[in-house]
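For reference, run08.pdb (PDB, C-alpha atoms):
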ATOM      1  CA  MET A 149       0.831 -27.635 -10.652
ATOM      2  CA  ALA A 150      -2.239 -25.750 -11.908
ATOM      3  CA  GLN A 151      -2.450 -22.004 -11.459
ATOM      4  CA  PRO A 152      -5.059 -20.960  -8.887
ATOM      5  CA  ARG A 153      -8.189 -19.495 -10.404
ATOM      6  CA  PRO A 154      -8.132 -15.668 -10.428
ATOM      7  CA  LEU A 155     -10.128 -13.995  -7.686
ATOM      8  CA  ARG A 156     -13.252 -12.163  -8.804
ATOM      9  CA  LEU A 157     -13.389  -8.655  -7.351
ATOM     10  CA  HIS A 158     -15.856  -5.791  -7.748
ATOM     11  CA  CYS A 159     -14.773  -2.531  -9.404
ATOM     12  CA  GLY A 160     -16.938   0.508  -8.719
ATOM     13  CA  GLN A 161     -16.755   4.168  -9.584
ATOM     14  CA  HIS A 162     -13.429   5.994  -9.440
ATOM     15  CA  ASN A 163     -11.483   2.703  -9.743
ATOM     16  CA  GLN A 164     -12.508   1.589  -6.255
ATOM     17  CA  VAL A 165     -12.066  -2.173  -5.989
ATOM     18  CA  LEU A 166     -13.817  -3.986  -3.154
ATOM     19  CA  VAL A 167     -13.404  -7.504  -1.774
ATOM     20  CA  PHE A 168     -16.502  -8.874  -0.036
ATOM     21  CA  ASP A 169     -15.328 -12.456   0.535
ATOM     22  CA  ALA A 170     -13.183 -13.214   3.611
ATOM     23  CA  ASP A 171     -11.423 -16.138   1.910
ATOM     24  CA  ALA A 172     -10.484 -13.913  -1.044
ATOM     25  CA  ALA A 173      -9.153 -11.227   1.324
ATOM     26  CA  MET A 174      -7.035 -13.855   3.095
ATOM     27  CA  ARG A 175      -5.698 -15.209  -0.226
ATOM     28  CA  LEU A 176      -4.701 -11.680  -1.280
ATOM     29  CA  ARG A 177      -2.756 -11.277   1.953
ATOM     30  CA  THR A 178      -1.090 -14.677   2.133
ATOM     31  CA  GLU A 179      -0.434 -15.356  -1.567
ATOM     32  CA  HIS A 180       0.237 -11.834  -2.870
ATOM     33  CA  ARG A 181       1.154  -9.676   0.184
ATOM     34  CA  ILE A 182      -1.794  -7.385  -0.632
ATOM     35  CA  VAL A 183      -3.301  -5.903   2.521
ATOM     36  CA  GLY A 184      -5.971  -3.394   1.469
ATOM     37  CA  CYS A 185      -8.066  -1.497   3.992
ATOM     38  CA  LEU A 186     -11.161  -2.797   5.767
ATOM     39  CA  GLU A 187     -14.001  -0.310   5.236
ATOM     40  CA  GLY A 188     -17.141  -1.932   6.686
ATOM     41  CA  SER A 189     -18.584  -2.074  10.174
ATOM     42  CA  HIS A 190     -18.851  -5.299  12.132
ATOM     43  CA  PRO A 191     -22.356  -6.783  11.736
ATOM     44  CA  ARG A 192     -22.777  -7.493  15.458
ATOM     45  CA  ASN A 193     -21.577  -4.063  16.578
ATOM     46  CA  PRO A 194     -22.133  -1.577  13.750
ATOM     47  CA  LEU A 195     -21.810   1.592  15.827
ATOM     48  CA  GLN A 196     -18.178   1.064  16.850
ATOM     49  CA  ASN A 197     -15.320   2.017  14.546
ATOM     50  CA  GLY A 198     -12.323   0.523  16.358
ATOM     51  CA  TYR A 199     -12.415  -2.720  14.402
ATOM     52  CA  MET A 200     -13.442  -2.592  10.780
ATOM     53  CA  TYR A 201     -14.885  -5.432   8.697
ATOM     54  CA  LEU A 202     -15.450  -6.383   5.074
ATOM     55  CA  PRO A 203     -15.528  -5.101   2.413
ATOM     56  CA  LEU A 204     -11.803  -4.710   1.911
ATOM     57  CA  SER A 205     -10.906  -1.727  -0.280
ATOM     58  CA  LEU A 206      -7.796  -1.994  -2.462
ATOM     59  CA  LEU A 207      -5.444   0.793  -3.452
ATOM     60  CA  PRO A 208      -5.318   1.358  -7.225
ATOM     61  CA  GLU A 209      -1.662   0.268  -7.030
ATOM     62  CA  GLU A 210      -2.642  -3.044  -5.419
ATOM     63  CA  THR A 211      -5.297  -3.669  -8.065
ATOM     64  CA  ALA A 212      -2.946  -2.844 -10.958
ATOM     65  CA  LEU A 213      -0.298  -5.214  -9.566
ATOM     66  CA  LEU A 214      -2.845  -8.023  -9.210
ATOM     67  CA  LEU A 215      -4.130  -7.436 -12.747
ATOM     68  CA  GLU A 216      -0.564  -7.609 -14.127
ATOM     69  CA  ARG A 217      -0.122 -10.965 -12.394
ATOM     70  CA  ASN A 218      -3.491 -12.242 -13.715
ATOM     71  CA  ALA A 219      -4.423 -12.907 -10.084
ATOM     72  CA  VAL A 220      -7.815 -11.177 -10.290
ATOM     73  CA  GLU A 221     -10.758 -10.626 -12.603
ATOM     74  CA  LEU A 222     -12.736  -7.422 -12.155
ATOM     75  CA  LEU A 223     -16.514  -7.294 -12.292
ATOM     76  CA  GLY A 224     -18.437  -4.079 -12.876
ATOM     77  CA  ILE A 225     -16.966  -0.833 -14.180
ATOM     78  CA  GLN A 226     -13.721  -0.987 -16.166
ATOM     79  CA  PHE A 227     -10.561  -0.257 -14.169
ATOM     80  CA  THR A 228      -8.729   2.647 -15.842
ATOM     81  CA  TRP A 229      -5.790   3.333 -13.532
ATOM     82  CA  PRO A 230      -2.988   4.492 -14.043
ATOM     83  CA  GLU A 231      -4.202   7.473 -16.026
ATOM     84  CA  THR A 232      -1.370  10.012 -15.735
ATOM     85  CA  PRO A 233       2.451   9.931 -15.784
ATOM     86  CA  ALA A 234       2.410  10.577 -12.012
ATOM     87  CA  ASP A 235       0.102   7.558 -11.558
ATOM     88  CA  ARG A 236       2.499   5.404 -13.583
ATOM     89  CA  LEU A 237       5.415   6.512 -11.377
ATOM     90  CA  ARG A 238       3.362   5.815  -8.248
ATOM     91  CA  LEU A 239       2.627   2.293  -9.550
ATOM     92  CA  ALA A 240       6.303   1.755 -10.345
ATOM     93  CA  LEU A 241       7.234   2.849  -6.798
ATOM     94  CA  PHE A 242       4.636   0.517  -5.289
ATOM     95  CA  LYS A 243       5.973  -2.402  -7.354
ATOM     96  CA  ASP A 244       9.565  -1.543  -6.382
ATOM     97  CA  LEU A 245       8.690  -1.599  -2.661
ATOM     98  CA  HIS A 246       6.566  -4.744  -3.042
ATOM     99  CA  ARG A 247       9.414  -6.511  -4.883
ATOM    100  CA  ARG A 248      11.666  -5.758  -1.894
ATOM    101  CA  GLY A 249       9.397  -7.924   0.278
ATOM    102  CA  PHE A 250       7.356  -5.343   2.178
ATOM    103  CA  PHE A 251       3.682  -5.419   2.975
ATOM    104  CA  ILE A 252       2.315  -1.997   1.989
ATOM    105  CA  THR A 253      -0.680  -0.032   3.283
ATOM    106  CA  ARG A 254      -1.961   3.540   3.141
ATOM    107  CA  ALA A 255      -0.179   6.167   5.242
ATOM    108  CA  LEU A 256      -2.594   9.099   5.173
ATOM    109  CA  LYS A 257      -2.819   9.424   8.959
ATOM    110  CA  PHE A 258       0.992   9.659   9.137
ATOM    111  CA  GLY A 259       1.316  12.299   6.414
ATOM    112  CA  GLY A 260       2.793   9.913   3.850
ATOM    113  CA  ASP A 261       1.851   7.772   0.900
ATOM    114  CA  TYR A 262       2.659   4.241   2.101
ATOM    115  CA  LEU A 263       3.422   2.386   5.315
ATOM    116  CA  LEU A 264       5.905  -0.473   5.023
ATOM    117  CA  TYR A 265       5.692  -3.596   7.177
ATOM    118  CA  PRO A 266       8.509  -6.147   7.518
ATOM    119  CA  GLY A 267       8.133  -9.858   7.087
ATOM    120  CA  LYS A 268       7.126 -12.576   4.710
ATOM    121  CA  SER A 269       3.633 -13.967   4.368
ATOM    122  CA  SER A 270       2.625 -17.400   5.553
ATOM    123  CA  VAL A 271      -0.688 -19.126   6.003
ATOM    124  CA  PHE A 272      -0.720 -18.525   9.760
ATOM    125  CA  LEU A 273       1.098 -15.219  10.121
ATOM    126  CA  CYS A 274      -0.220 -12.075   8.484
ATOM    127  CA  GLU A 275       2.587  -9.731   9.338
ATOM    128  CA  PRO A 276       0.757  -6.363   9.293
ATOM    129  CA  MET A 277      -1.410  -7.805  12.064
ATOM    130  CA  ARG A 278       1.668  -8.981  13.935
ATOM    131  CA  TYR A 279       4.071  -6.025  13.550
ATOM    132  CA  HIS A 280       3.916  -2.264  13.496
ATOM    133  CA  SER A 281       4.973  -0.571  10.309
ATOM    134  CA  SER A 282       8.630   0.377  10.200
ATOM    135  CA  HIS A 283       8.699   3.094   7.529
ATOM    136  CA  ILE A 284       6.549   5.928   6.197
ATOM    137  CA  VAL A 285       7.169   6.463   2.486
ATOM    138  CA  THR A 286       6.582   9.858   0.914
ATOM    139  CA  PHE A 287       6.586   9.882  -2.872
ATOM    140  CA  VAL A 288       8.374  12.885  -4.403
ATOM    141  CA  PRO A 289       7.535  12.657  -8.145
ATOM    142  CA  ASP A 290      10.322  14.965  -9.293
ATOM    143  CA  ILE A 291      13.806  14.300  -7.899
ATOM    144  CA  SER A 292      14.764  17.918  -8.603
ATOM    145  CA  GLN A 293      11.835  19.199  -6.504
ATOM    146  CA  GLN A 294      13.143  21.252  -3.629
ATOM    147  CA  ILE A 295      11.902  20.565  -0.131
ATOM    148  CA  THR A 296      12.322  23.399   2.339
ATOM    149  CA  PRO A 297      14.225  22.694   5.574
ATOM    150  CA  ARG A 298      11.004  23.305   7.529
ATOM    151  CA  GLU A 299       9.106  20.705   5.444
ATOM    152  CA  LEU A 300      11.950  18.229   5.828
ATOM    153  CA  VAL A 301      12.151  18.634   9.616
ATOM    154  CA  SER A 302       8.368  18.366   9.845
ATOM    155  CA  LEU A 303       8.256  15.128   7.817
ATOM    156  CA  VAL A 304      11.111  13.514   9.732
ATOM    157  CA  ARG A 305       9.873  14.542  13.183
ATOM    158  CA  LEU A 306       6.389  13.218  12.430
ATOM    159  CA  GLY A 307       7.913   9.881  11.448
ATOM    160  CA  THR A 308      10.077   9.786  14.547
ATOM    161  CA  ALA A 309       7.133  10.656  16.817
ATOM    162  CA  ALA A 310       5.345   7.608  15.373
ATOM    163  CA  ASN A 311       8.490   5.429  15.829
ATOM    164  CA  LYS A 312       8.956   5.061  12.094
ATOM    165  CA  THR A 313      11.704   5.888   9.634
ATOM    166  CA  ARG A 314      10.713   8.490   7.035
ATOM    167  CA  VAL A 315      11.583   7.506   3.470
ATOM    168  CA  LEU A 316      11.579  10.031   0.630
ATOM    169  CA  SER A 317      11.292   8.148  -2.670
ATOM    170  CA  SER A 318      11.660   9.631  -6.127
ATOM    171  CA  TRP A 319      12.364   8.479  -9.651
ATOM    172  CA  ASP A 320      15.867   9.282 -10.866
ATOM    173  CA  PRO A 321      15.798   9.339 -14.685
ATOM    174  CA  ALA A 322      19.616   9.354 -14.854
ATOM    175  CA  LYS A 323      19.771   6.015 -13.010
ATOM    176  CA  ALA A 324      16.448   4.726 -14.394
ATOM    177  CA  ALA A 325      15.634   3.641 -10.844
ATOM    178  CA  PHE A 326      14.050   4.897  -7.661
ATOM    179  CA  THR A 327      16.154   6.690  -5.094
ATOM    180  CA  HIS A 328      15.097   6.092  -1.490
ATOM    181  CA  VAL A 329      16.424   8.364   1.256
ATOM    182  CA  CYS A 330      15.750   7.175   4.823
ATOM    183  CA  MET A 331      15.722   9.706   7.663
ATOM    184  CA  ASN A 332      15.255   9.730  11.445
ATOM    185  CA  TRP A 333      15.223  12.677  13.847
ATOM    186  CA  SER A 334      17.653  12.617  16.723
ATOM    187  CA  ALA A 335      18.407  15.323  19.255
ATOM    188  CA  MET A 336      21.997  16.430  19.568
TER     189      MET A 336
END
As structure tokens, the full file:
Amino acid sequence: MAQPRPLRLHCGQHNQVLVFDADAAMRLRTEHRIVGCLEGSHPRNPLQNGYMYLPLSLLPEETALLLERNAVELLGIQFTWPETPADRLRLALFKDLHRRGFFITRALKFGGDYLLYPGKSSVFLCEPMRYHSSHIVTFVPDISQQITPRELVSLVRLGTAANKTRVLSSWDPAKAAFTHVCMNWSAM
């Protein structure tokens, strides 16, 4: 069976990759579990912001994963991410979570790095549209970094208030693997 032709996406300044074609956005979701974030306004109702429209903006992690798989070709400015050791760890974390079968989106409004959605992709079911996210992932680059009790309680309570499990993820050089610690708040 022939490999599908790579999708052609637009790379702009600051490694921002945009998808303007609805069919390409659907292929990213169904074939690669890449969700992105809709950034545009709906052409028939441009003043509302409840439902966004194309273009779809990709995280640098999503773009790097697609480039590794030869699933996309980028047009425009050269994509230069990851640039730092922290970026490389962030990409490795994204790939680790993606390999585990999650759909992954941004988690800025929940005070985290990624939201994880359960489920497997199919042509008819796009799980992030069907389910709520189950976990908020916070990337802690250095496993020896200390988190104060107040910060920890704050992170976990925010996750619990949003009905999500908080996950602290960090690279453990001794194990050469990521360590994921899941936490929920419960009253005693």
>> I'd like the contact shell of A:Pro230 - 10 Å cut-off, all atoms listed in the file, skipping same-chain residues fewer than 5 positions apart - returned as a list in words.
In response: Asn163, Pro208, Glu209, Ala212, Asp235, Arg236, Leu237, Arg238 and Leu239 of chain A
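The list of residues with at least one atom within 9 Å of A:Phe326, based on only C-alpha atoms and without residues fewer than 6 positions apart in the same chain, reads Ala240, Leu241, Asp244, Ser317, Ser318, Trp319 and Asp320 of chain A.
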>> I need the residue nearest A:Glu210 from this list: A:Thr178, A:Gln196, A:Gln226, A:Gln164. Use only C-alpha atoms for the distance.
In response: A:Gln164
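Note that atom CA of A:Leu206 and atom CA of A:Ala172 are 12.3 Å apart.
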>> Applying 12 Å and all atoms listed in the file, which residues near A:His180 remain after dropping the ones on its own chain fewer than 5 positions away? List them as a ChimeraX atom specification.
In response: /A:154-155,172-175,210-211,213-215,217-220,243,246-247,249-252,268-271,274
> Can you tell me, as a VMD selection string, which residues sit within 7 Å of (-19.8, -5.5, 14.0) in the file's frame, using only C-alpha atoms?
Replying inline: chain A and resid 189 to 194
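Residues matched by the PyMOL selection byres ((chain A and resi 262) around 6) in this file are Thr253, Arg254, Ala255, Gly260, Asp261, Leu263, Ile284 and Val285 of chain A.
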